[in-house]
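Coordinates from entry.csv are shown below (CSV, C-alpha atoms).
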```csv
chain,number,residue,atom,x,y,z
A,242,MET,CA,-28.1,-17.8,-8.8
A,243,LYS,CA,-25.4,-18.5,-6.1
A,244,ARG,CA,-27.9,-17.5,-3.4
A,245,PHE,CA,-30.5,-19.9,-4.8
A,246,GLY,CA,-27.9,-22.7,-4.7
A,247,PHE,CA,-26.9,-21.9,-1.2
A,248,MET,CA,-30.5,-22.1,0.0
A,249,TRP,CA,-30.8,-25.5,-1.5
A,250,ILE,CA,-27.8,-26.7,0.4
A,251,ILE,CA,-29.4,-25.4,3.7
A,252,ILE,CA,-32.6,-27.2,2.9
A,253,ILE,CA,-30.8,-30.5,2.1
A,254,LEU,CA,-28.7,-30.4,5.2
A,255,ILE,CA,-31.8,-29.7,7.5
A,256,SER,CA,-33.7,-32.4,5.7
A,257,LEU,CA,-30.9,-34.9,6.3
A,258,SER,CA,-30.9,-34.1,10.0
A,259,LEU,CA,-34.7,-34.6,10.2
A,260,ILE,CA,-34.4,-37.9,8.3
A,261,PHE,CA,-31.6,-39.2,10.6
A,262,PHE,CA,-33.6,-38.1,13.7
A,263,ALA,CA,-36.7,-40.0,12.4
A,264,LEU,CA,-34.7,-43.1,11.7
A,265,GLN,CA,-33.1,-43.0,15.2
A,266,GLN,CA,-36.6,-42.8,16.8
A,267,LEU,CA,-37.9,-45.7,14.7
A,268,LEU,CA,-34.9,-47.9,15.5
A,269,PHE,CA,-34.2,-47.0,19.1
A,270,GLY,CA,-37.2,-45.0,20.3
A,271,ASN,CA,-35.3,-43.2,23.1
A,272,ILE,CA,-36.2,-39.6,22.9
A,273,LYS,CA,-34.6,-38.8,26.3
A,274,ASP,CA,-31.1,-39.9,25.2
A,275,THR,CA,-31.5,-38.1,21.9
A,276,GLY,CA,-32.4,-34.9,23.8
A,277,PHE,CA,-29.4,-35.4,26.1
A,278,TYR,CA,-26.9,-35.8,23.3
A,279,PHE,CA,-28.4,-33.0,21.3
A,280,PHE,CA,-27.9,-30.5,24.1
A,281,GLN,CA,-24.5,-31.9,24.8
A,282,ASP,CA,-23.5,-31.1,21.2
A,283,MET,CA,-25.2,-27.7,21.4
A,284,MET,CA,-23.1,-26.9,24.5
A,285,PHE,CA,-19.9,-26.9,22.5
A,286,LEU,CA,-21.4,-25.3,19.4
A,287,PRO,CA,-20.4,-21.7,20.3
A,288,VAL,CA,-16.8,-22.8,20.8
A,289,ASN,CA,-16.9,-24.6,17.4
A,290,ILE,CA,-18.2,-21.4,15.8
A,291,LEU,CA,-15.5,-19.4,17.4
A,292,LEU,CA,-12.8,-21.7,16.2
A,293,VAL,CA,-14.1,-22.0,12.6
A,294,THR,CA,-15.4,-18.5,12.0
A,295,PHE,CA,-13.1,-16.3,13.9
A,296,ILE,CA,-9.8,-18.1,14.3
A,297,ILE,CA,-9.3,-20.6,11.4
A,298,ASN,CA,-11.2,-18.4,8.9
A,299,LYS,CA,-9.2,-15.3,9.9
A,300,ARG,CA,-5.9,-17.3,9.6
A,301,LEU,CA,-6.9,-18.5,6.1
A,302,GLN,CA,-7.9,-15.0,5.0
A,303,SER,CA,-4.6,-13.6,6.3
A,304,ARG,CA,-2.7,-16.2,4.4
A,305,GLU,CA,-4.7,-15.6,1.2
A,306,LYS,CA,-4.1,-11.8,1.5
A,307,GLN,CA,-0.4,-12.5,1.9
A,308,GLU,CA,-0.3,-14.6,-1.2
A,309,ARG,CA,-2.1,-11.8,-3.2
A,310,LEU,CA,0.3,-9.2,-1.9
A,311,GLU,CA,3.2,-11.5,-2.9
A,312,GLN,CA,1.8,-11.8,-6.4
A,313,LEU,CA,1.2,-8.1,-6.5
A,314,ASN,CA,4.8,-7.3,-5.6
A,315,ILE,CA,6.0,-9.6,-8.3
A,316,VAL,CA,3.9,-7.7,-10.8
A,317,ILE,CA,5.2,-4.4,-9.5
A,318,GLY,CA,8.8,-5.7,-9.7
A,319,ALA,CA,8.2,-6.6,-13.4
A,320,PHE,CA,6.8,-3.1,-14.0
A,321,PHE,CA,9.9,-1.4,-12.6
A,322,SER,CA,12.3,-3.7,-14.4
A,323,GLU,CA,10.5,-3.2,-17.8
A,324,ALA,CA,9.3,0.4,-17.5
A,325,GLY,CA,9.4,2.1,-14.2
A,326,ASN,CA,13.2,2.6,-13.8
A,327,HIS,CA,13.4,3.8,-17.4
A,328,VAL,CA,10.7,6.3,-16.9
A,329,LEU,CA,12.4,7.6,-13.7
A,330,GLU,CA,15.7,8.0,-15.6
A,331,THR,CA,13.9,9.7,-18.5
A,332,LEU,CA,12.1,12.2,-16.2
A,333,ASN,CA,15.1,12.9,-13.9
A,334,PRO,CA,16.5,15.7,-16.1
A,335,CYS,CA,13.2,17.5,-16.0
A,336,ILE,CA,13.3,17.8,-12.1
A,337,PRO,CA,15.0,21.0,-11.0
A,338,SER,CA,15.4,19.7,-7.4
A,339,LEU,CA,16.8,16.3,-8.5
A,340,SER,CA,19.8,16.8,-6.2
A,341,ASP,CA,17.5,17.0,-3.2
A,342,ILE,CA,15.7,13.8,-4.3
A,343,LYS,CA,19.0,12.0,-4.7
A,344,LYS,CA,20.0,12.9,-1.2
A,345,LEU,CA,16.8,11.4,0.1
A,346,LEU,CA,17.1,8.2,-1.9
A,347,ASP,CA,20.8,7.4,-1.9
A,348,MET,CA,20.2,3.9,-0.4
A,349,ASN,CA,22.7,1.6,1.1
A,350,SER,CA,22.9,-1.7,3.1
A,351,GLU,CA,22.3,0.1,6.3
A,352,TRP,CA,18.8,1.1,5.4
A,353,ASN,CA,16.0,-0.5,7.4
A,354,SER,CA,12.2,-0.4,7.3
A,355,ARG,CA,12.2,2.9,9.2
A,356,SER,CA,14.6,4.4,6.7
A,357,PHE,CA,12.3,3.5,3.8
A,358,GLU,CA,9.2,4.8,5.5
A,359,THR,CA,10.9,8.1,6.3
A,360,ALA,CA,12.0,8.4,2.7
A,361,ALA,CA,8.5,7.6,1.3
A,362,ASN,CA,6.9,10.2,3.6
A,363,ALA,CA,9.5,12.8,2.7
A,364,ILE,CA,8.8,12.2,-1.0
A,365,LYS,CA,5.1,12.4,-0.5
A,366,ALA,CA,5.4,15.8,1.3
A,367,TYR,CA,8.0,17.2,-1.0
A,368,PRO,CA,6.8,20.2,-3.1
A,369,LEU,CA,7.9,18.5,-6.3
A,370,LYS,CA,8.0,20.4,-9.6
A,371,ALA,CA,9.0,19.6,-13.1
A,372,ASP,CA,10.4,21.9,-15.8
A,373,ILE,CA,9.2,20.8,-19.3
A,374,ASN,CA,10.5,22.9,-22.2
A,375,LYS,CA,10.1,22.2,-25.9
A,376,SER,CA,13.3,20.1,-26.2
A,377,ALA,CA,12.2,18.0,-23.2
A,378,VAL,CA,8.8,17.4,-24.9
A,379,GLU,CA,10.5,16.2,-28.0
A,380,ARG,CA,12.7,13.8,-26.0
A,381,LEU,CA,9.9,12.6,-23.8
A,382,ARG,CA,7.6,12.0,-26.8
A,383,VAL,CA,10.2,9.5,-28.1
A,384,ALA,CA,11.1,7.8,-24.9
A,385,LEU,CA,7.9,7.4,-22.8
A,386,PRO,CA,5.4,6.1,-25.4
A,387,GLN,CA,7.7,3.0,-25.7
A,388,LYS,CA,6.5,2.0,-22.2
A,389,LYS,CA,2.8,2.6,-22.9
A,390,ALA,CA,2.2,-1.1,-23.5
A,391,HIS,CA,3.7,-2.0,-20.1
A,392,VAL,CA,1.4,0.5,-18.4
A,393,LEU,CA,-1.7,-0.8,-20.1
A,394,GLN,CA,-0.7,-4.4,-19.2
A,395,MET,CA,-0.6,-3.5,-15.5
A,396,PHE,CA,-4.3,-2.4,-15.6
A,397,SER,CA,-5.3,-5.9,-16.6
A,398,ASN,CA,-4.1,-7.4,-13.3
A,399,PRO,CA,-7.0,-7.7,-10.9
A,400,ASN,CA,-4.7,-7.6,-7.9
A,401,LEU,CA,-4.0,-4.0,-8.5
A,402,LEU,CA,-7.5,-3.2,-7.3
A,403,GLU,CA,-6.1,-3.7,-3.7
A,404,HIS,CA,-3.2,-1.2,-4.3
A,405,ASP,CA,-4.9,2.2,-4.9
A,406,THR,CA,-1.7,4.2,-4.8
A,407,PHE,CA,0.0,2.1,-7.5
A,408,THR,CA,-3.1,2.3,-9.7
A,409,ASP,CA,-3.2,6.1,-9.2
A,410,MET,CA,0.5,6.2,-10.4
A,411,LEU,CA,-0.3,4.2,-13.5
A,412,TRP,CA,-3.2,6.5,-14.4
A,413,ALA,CA,-1.0,9.6,-13.9
A,414,LEU,CA,1.8,8.1,-16.0
A,415,TYR,CA,-0.7,6.9,-18.7
A,416,HIS,CA,-2.2,10.4,-18.8
A,417,LEU,CA,1.3,12.0,-19.3
A,418,ILE,CA,2.1,9.6,-22.1
A,419,ASP,CA,-1.3,10.3,-23.7
A,420,GLU,CA,-0.7,14.1,-23.5
A,421,LEU,CA,2.7,13.8,-25.0
A,422,GLU,CA,1.5,11.7,-27.9
A,423,ASN,CA,-1.1,14.4,-28.7
A,424,ARG,CA,1.5,17.1,-29.1
A,425,THR,CA,2.4,17.0,-32.8
A,426,ASP,CA,3.7,20.5,-33.5
A,427,ILE,CA,6.1,21.0,-30.7
A,428,SER,CA,7.6,24.3,-32.1
A,429,SER,CA,4.2,26.0,-31.6
A,430,LEU,CA,3.5,25.0,-28.1
A,431,PRO,CA,2.6,28.0,-25.9
A,432,ASP,CA,4.1,28.5,-22.4
A,433,SER,CA,0.7,27.6,-20.8
A,434,ASP,CA,0.8,24.2,-22.5
A,435,LEU,CA,4.4,23.6,-21.3
A,436,GLU,CA,3.3,24.5,-17.8
A,437,HIS,CA,0.4,22.0,-18.1
A,438,LEU,CA,2.8,19.2,-19.2
A,439,SER,CA,5.1,20.2,-16.4
A,440,GLY,CA,2.3,19.6,-13.9
A,441,ASP,CA,1.5,16.2,-15.4
A,442,ALA,CA,5.2,15.2,-15.3
A,443,ALA,CA,5.6,16.3,-11.7
A,444,ARG,CA,2.5,14.4,-10.6
A,445,SER,CA,3.6,11.2,-12.4
A,446,TYR,CA,7.1,11.5,-11.2
A,447,GLY,CA,6.2,12.0,-7.5
A,448,LEU,CA,3.8,9.0,-7.5
A,449,LEU,CA,6.3,6.8,-9.3
A,450,VAL,CA,9.1,7.6,-6.9
A,451,TYR,CA,6.8,7.0,-3.9
A,452,GLU,CA,6.0,3.5,-5.3
A,453,TRP,CA,9.6,2.8,-6.1
A,454,VAL,CA,10.7,3.4,-2.5
A,455,PHE,CA,8.2,0.9,-1.2
A,456,TYR,CA,9.2,-1.6,-3.8
A,457,MET,CA,12.8,-1.3,-2.8
A,458,SER,CA,11.8,-1.8,0.8
A,459,TYR,CA,10.0,-5.0,-0.2
A,460,LEU,CA,13.1,-6.3,-2.0
A,461,LYS,CA,15.4,-5.6,0.9
A,462,SER,CA,13.2,-7.4,3.4
A,463,ARG,CA,12.3,-10.4,1.2
A,464,TYR,CA,14.9,-10.8,-1.5
A,465,PRO,CA,18.3,-9.4,-0.5
A,466,TYR,CA,20.0,-10.7,-3.7
A,467,LEU,CA,17.5,-8.8,-5.9
A,468,TRP,CA,17.9,-5.8,-3.6
A,469,SER,CA,21.7,-5.9,-4.2
A,470,LEU,CA,21.2,-5.5,-8.0
A,471,ALA,CA,18.4,-3.0,-7.6
A,472,VAL,CA,20.4,-0.7,-5.4
A,473,ARG,CA,23.3,-0.8,-7.8
A,474,LYS,CA,20.8,0.3,-10.6
A,475,ASN,CA,19.4,3.0,-8.4
A,476,PRO,CA,18.3,5.8,-10.8
A,477,PHE,CA,19.0,8.3,-8.0
A,478,ALA,CA,22.5,7.2,-7.2
A,479,ASN,CA,25.2,9.6,-8.3
A,480,ASN,CA,27.3,6.7,-9.5
A,481,SER,CA,25.3,3.6,-10.5
A,482,ILE,CA,27.7,0.7,-10.9
A,483,ILE,CA,26.2,-2.6,-11.9
A,484,ILE,CA,29.4,-4.6,-11.7
A,485,SER,CA,30.0,-5.5,-8.1
```

Show me this structure written as structure tokens.
Amino acid sequence: MKRFGFMWIIIILISLSLIFFALQQLLFGNIKDTGFYFFQDMMFLPVNILLVTFIINKRLQSREKQERLEQLNIVIGAFFSEAGNHVLETLNPCIPSLSDIKKLLDMNSEWNSRSFETAANAIKAYPLKADINKSAVERLRVALPQKKAHVLQMFSNPNLLEHDTFTDMLWALYHLIDELENRTDISSLPDSDLEHLSGDAARSYGLLVYEWVFYMSYLKSRYPYLWSLAVRKNPFANNSIIIS
């Protein structure tokens, strides 16, 4: 349907040009001058195409992309405020190597873009494992499903289609919550099932921490006052003190 409408626009524009050409010849009858001005305009047509198509259009696309990324970061910020930080704090006790993670993510005012990138790469490469026992399953079954609605709400945002890693994290977290909700008789869970849940928890935790690092980097570069509060609420700090 859109293609059909576009074709009609082309036909109308070409028809208008032919009509104006015919009127000009009827009124002035000077085909030589018409040809001269026609080729004069054609001489600058490649430059016009270059300006409109490659420079101005690229600038507009870059600006539009920046606006979408800004909206996306706002959504990501809302996720961590409402759910992400809580999930991290809930899963922290299940991570045997939490002390190593804390060393990597003990952020301060001296951190720069290189520091955040190094931390994110270290988290991505870290052989992260989780240890889920029966008591942990019972605790997680109470805490994590409370954030399920926030996770589902994130999927409804079309801007997330441009952020594959964040979407992967949401799917991993949703899967973990779904697995926990389907464990009714915790006392009878075999070791193999606990190992399965540990794998799901480790995957969700690693992806979540990775996204959290980039979100913190965004806050520091764009909104220092929000960064100040976020770093005081750091779920990996040994002593998180909100009051400054």

Query - Nearest candidate to Pro476 of chain A (options A:Val454, A:Ser354, A:Ser428, A:Leu414; using all atoms listed in the file) - result: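 Looking at the shortest contact to Pro476 of chain A, the residue is A:Val454.
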
Query raised in the report: Looking at all atoms listed in the file, which of A:Lys389, A:Lys343, A:Lys365, A:Arg424 is the one that sits closest to Thr406 of chain A?
Result: A:Lys365

Query - d(atom CA of Ala366 of chain A, atom CA of Gly447 of chain A) in Å - result: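 That distance, rounded to one decimal, is 9.6 Å.
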
Requested in this report: Figure out the distance between atom CA of Ala471 of chain A and atom CA of Gly318 of chain A, please, to one decimal in Å.
Outcome: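 It comes out at 10.2 Å.
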
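Going from atom CA of Glu422 of chain A to atom CA of Ala384 of chain A covers 10.8 Å.
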
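Using all atoms listed in the file, the nearest neighbour of Tyr367 of chain A within the list A:Ile427, A:Ala413, A:Ile342, A:Leu268 is A:Ile342.
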
Query raised in the report: Excluding same-chain residues fewer than 6 positions from Gln312 of chain A, what lies within 10 Å of it counting only C-alpha atoms, as number ranges by chain?
Result: A: 306, 318, 400-401

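Closest approach to Asn362 of chain A from the set A:Tyr456, A:Phe261, A:Phe295, A:Tyr451 is made by A:Tyr451, with distances taken over all atoms listed in the file.
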
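When all atoms listed in the file are used to compute distances to Met395 of chain A, the closest of the residues A:Ile315, A:Leu438, A:Leu470, A:Ala363 turns out to be A:Ile315.
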
Using the partial input, fill out segment 348-376 of chain A with N, CA and C atoms; write the result as a PDB file, keeping the file's coordinate frame.
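See part.pdb below for the written result:
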```
ATOM      1  N   MET A 348      20.346   5.066  -1.318  1.00  0.00           N
ATOM      2  CA  MET A 348      20.200   3.900  -0.400  1.00  0.00           C
ATOM      3  C   MET A 348      21.492   3.127  -0.306  1.00  0.00           C
ATOM      4  N   ASN A 349      21.607   2.443   0.830  1.00  0.00           N
ATOM      5  CA  ASN A 349      22.700   1.600   1.100  1.00  0.00           C
ATOM      6  C   ASN A 349      22.308   0.405   1.961  1.00  0.00           C
ATOM      7  N   SER A 350      23.235  -0.459   2.300  1.00  0.00           N
ATOM      8  CA  SER A 350      22.900  -1.700   3.100  1.00  0.00           C
ATOM      9  C   SER A 350      22.446  -1.388   4.481  1.00  0.00           C
ATOM     10  N   GLU A 351      22.676  -0.189   4.980  1.00  0.00           N
ATOM     11  CA  GLU A 351      22.300   0.100   6.300  1.00  0.00           C
ATOM     12  C   GLU A 351      20.825   0.573   6.447  1.00  0.00           C
ATOM     13  N   TRP A 352      20.166   0.732   5.320  1.00  0.00           N
ATOM     14  CA  TRP A 352      18.800   1.100   5.400  1.00  0.00           C
ATOM     15  C   TRP A 352      17.898   0.049   5.977  1.00  0.00           C
ATOM     16  N   ASN A 353      16.947   0.450   6.820  1.00  0.00           N
ATOM     17  CA  ASN A 353      16.000  -0.500   7.400  1.00  0.00           C
ATOM     18  C   ASN A 353      14.569  -0.029   7.078  1.00  0.00           C
ATOM     19  N   SER A 354      13.575  -0.718   7.629  1.00  0.00           N
ATOM     20  CA  SER A 354      12.200  -0.400   7.300  1.00  0.00           C
ATOM     21  C   SER A 354      11.847   1.049   7.697  1.00  0.00           C
ATOM     22  N   ARG A 355      12.423   1.520   8.793  1.00  0.00           N
ATOM     23  CA  ARG A 355      12.200   2.900   9.200  1.00  0.00           C
ATOM     24  C   ARG A 355      12.771   3.898   8.211  1.00  0.00           C
ATOM     25  N   SER A 356      13.920   3.562   7.646  1.00  0.00           N
ATOM     26  CA  SER A 356      14.600   4.400   6.700  1.00  0.00           C
ATOM     27  C   SER A 356      13.692   4.567   5.414  1.00  0.00           C
ATOM     28  N   PHE A 357      13.150   3.458   4.938  1.00  0.00           N
ATOM     29  CA  PHE A 357      12.300   3.500   3.800  1.00  0.00           C
ATOM     30  C   PHE A 357      11.006   4.266   4.021  1.00  0.00           C
ATOM     31  N   GLU A 358      10.428   4.070   5.191  1.00  0.00           N
ATOM     32  CA  GLU A 358       9.200   4.800   5.500  1.00  0.00           C
ATOM     33  C   GLU A 358       9.440   6.285   5.609  1.00  0.00           C
ATOM     34  N   THR A 359      10.564   6.669   6.198  1.00  0.00           N
ATOM     35  CA  THR A 359      10.900   8.100   6.300  1.00  0.00           C
ATOM     36  C   THR A 359      11.104   8.688   4.908  1.00  0.00           C
ATOM     37  N   ALA A 360      11.789   7.957   4.032  1.00  0.00           N
ATOM     38  CA  ALA A 360      12.000   8.400   2.700  1.00  0.00           C
ATOM     39  C   ALA A 360      10.718   8.581   1.901  1.00  0.00           C
ATOM     40  N   ALA A 361       9.828   7.601   2.047  1.00  0.00           N
ATOM     41  CA  ALA A 361       8.500   7.600   1.300  1.00  0.00           C
ATOM     42  C   ALA A 361       7.714   8.838   1.810  1.00  0.00           C
ATOM     43  N   ASN A 362       7.677   9.062   3.117  1.00  0.00           N
ATOM     44  CA  ASN A 362       6.900  10.200   3.600  1.00  0.00           C
ATOM     45  C   ASN A 362       7.522  11.526   3.186  1.00  0.00           C
ATOM     46  N   ALA A 363       8.854  11.575   3.105  1.00  0.00           N
ATOM     47  CA  ALA A 363       9.500  12.800   2.700  1.00  0.00           C
ATOM     48  C   ALA A 363       9.193  13.087   1.190  1.00  0.00           C
ATOM     49  N   ILE A 364       9.167  12.046   0.372  1.00  0.00           N
ATOM     50  CA  ILE A 364       8.800  12.200  -1.000  1.00  0.00           C
ATOM     51  C   ILE A 364       7.377  12.668  -1.189  1.00  0.00           C
ATOM     52  N   LYS A 365       6.492  12.086  -0.387  1.00  0.00           N
ATOM     53  CA  LYS A 365       5.100  12.400  -0.500  1.00  0.00           C
ATOM     54  C   LYS A 365       4.823  13.892  -0.087  1.00  0.00           C
ATOM     55  N   ALA A 366       5.602  14.392   0.865  1.00  0.00           N
ATOM     56  CA  ALA A 366       5.400  15.800   1.300  1.00  0.00           C
ATOM     57  C   ALA A 366       6.226  16.782   0.552  1.00  0.00           C
ATOM     58  N   TYR A 367       7.127  16.306  -0.282  1.00  0.00           N
ATOM     59  CA  TYR A 367       8.000  17.200  -1.000  1.00  0.00           C
ATOM     60  C   TYR A 367       7.272  18.026  -2.044  1.00  0.00           C
ATOM     61  N   PRO A 368       7.489  19.345  -2.116  1.00  0.00           N
ATOM     62  CA  PRO A 368       6.800  20.200  -3.100  1.00  0.00           C
ATOM     63  C   PRO A 368       7.474  20.000  -4.512  1.00  0.00           C
ATOM     64  N   LEU A 369       7.210  18.859  -5.099  1.00  0.00           N
ATOM     65  CA  LEU A 369       7.900  18.500  -6.300  1.00  0.00           C
ATOM     66  C   LEU A 369       7.394  19.273  -7.535  1.00  0.00           C
ATOM     67  N   LYS A 370       8.333  19.724  -8.362  1.00  0.00           N
ATOM     68  CA  LYS A 370       8.000  20.400  -9.600  1.00  0.00           C
ATOM     69  C   LYS A 370       8.831  19.901 -10.733  1.00  0.00           C
ATOM     70  N   ALA A 371       8.305  20.039 -11.929  1.00  0.00           N
ATOM     71  CA  ALA A 371       9.000  19.600 -13.100  1.00  0.00           C
ATOM     72  C   ALA A 371       9.121  20.830 -14.069  1.00  0.00           C
ATOM     73  N   ASP A 372      10.143  20.813 -14.878  1.00  0.00           N
ATOM     74  CA  ASP A 372      10.400  21.900 -15.800  1.00  0.00           C
ATOM     75  C   ASP A 372      10.434  21.284 -17.239  1.00  0.00           C
ATOM     76  N   ILE A 373       9.331  21.384 -17.959  1.00  0.00           N
ATOM     77  CA  ILE A 373       9.200  20.800 -19.300  1.00  0.00           C
ATOM     78  C   ILE A 373       9.334  21.924 -20.337  1.00  0.00           C
ATOM     79  N   ASN A 374      10.422  21.926 -21.090  1.00  0.00           N
ATOM     80  CA  ASN A 374      10.500  22.900 -22.200  1.00  0.00           C
ATOM     81  C   ASN A 374      10.314  22.114 -23.511  1.00  0.00           C
ATOM     82  N   LYS A 375      10.452  22.808 -24.630  1.00  0.00           N
ATOM     83  CA  LYS A 375      10.100  22.200 -25.900  1.00  0.00           C
ATOM     84  C   LYS A 375      11.096  21.050 -26.253  1.00  0.00           C
ATOM     85  N   SER A 376      12.357  21.206 -25.918  1.00  0.00           N
ATOM     86  CA  SER A 376      13.300  20.100 -26.200  1.00  0.00           C
ATOM     87  C   SER A 376      12.995  18.905 -25.327  1.00  0.00           C
TER      88      SER A 376
END
```
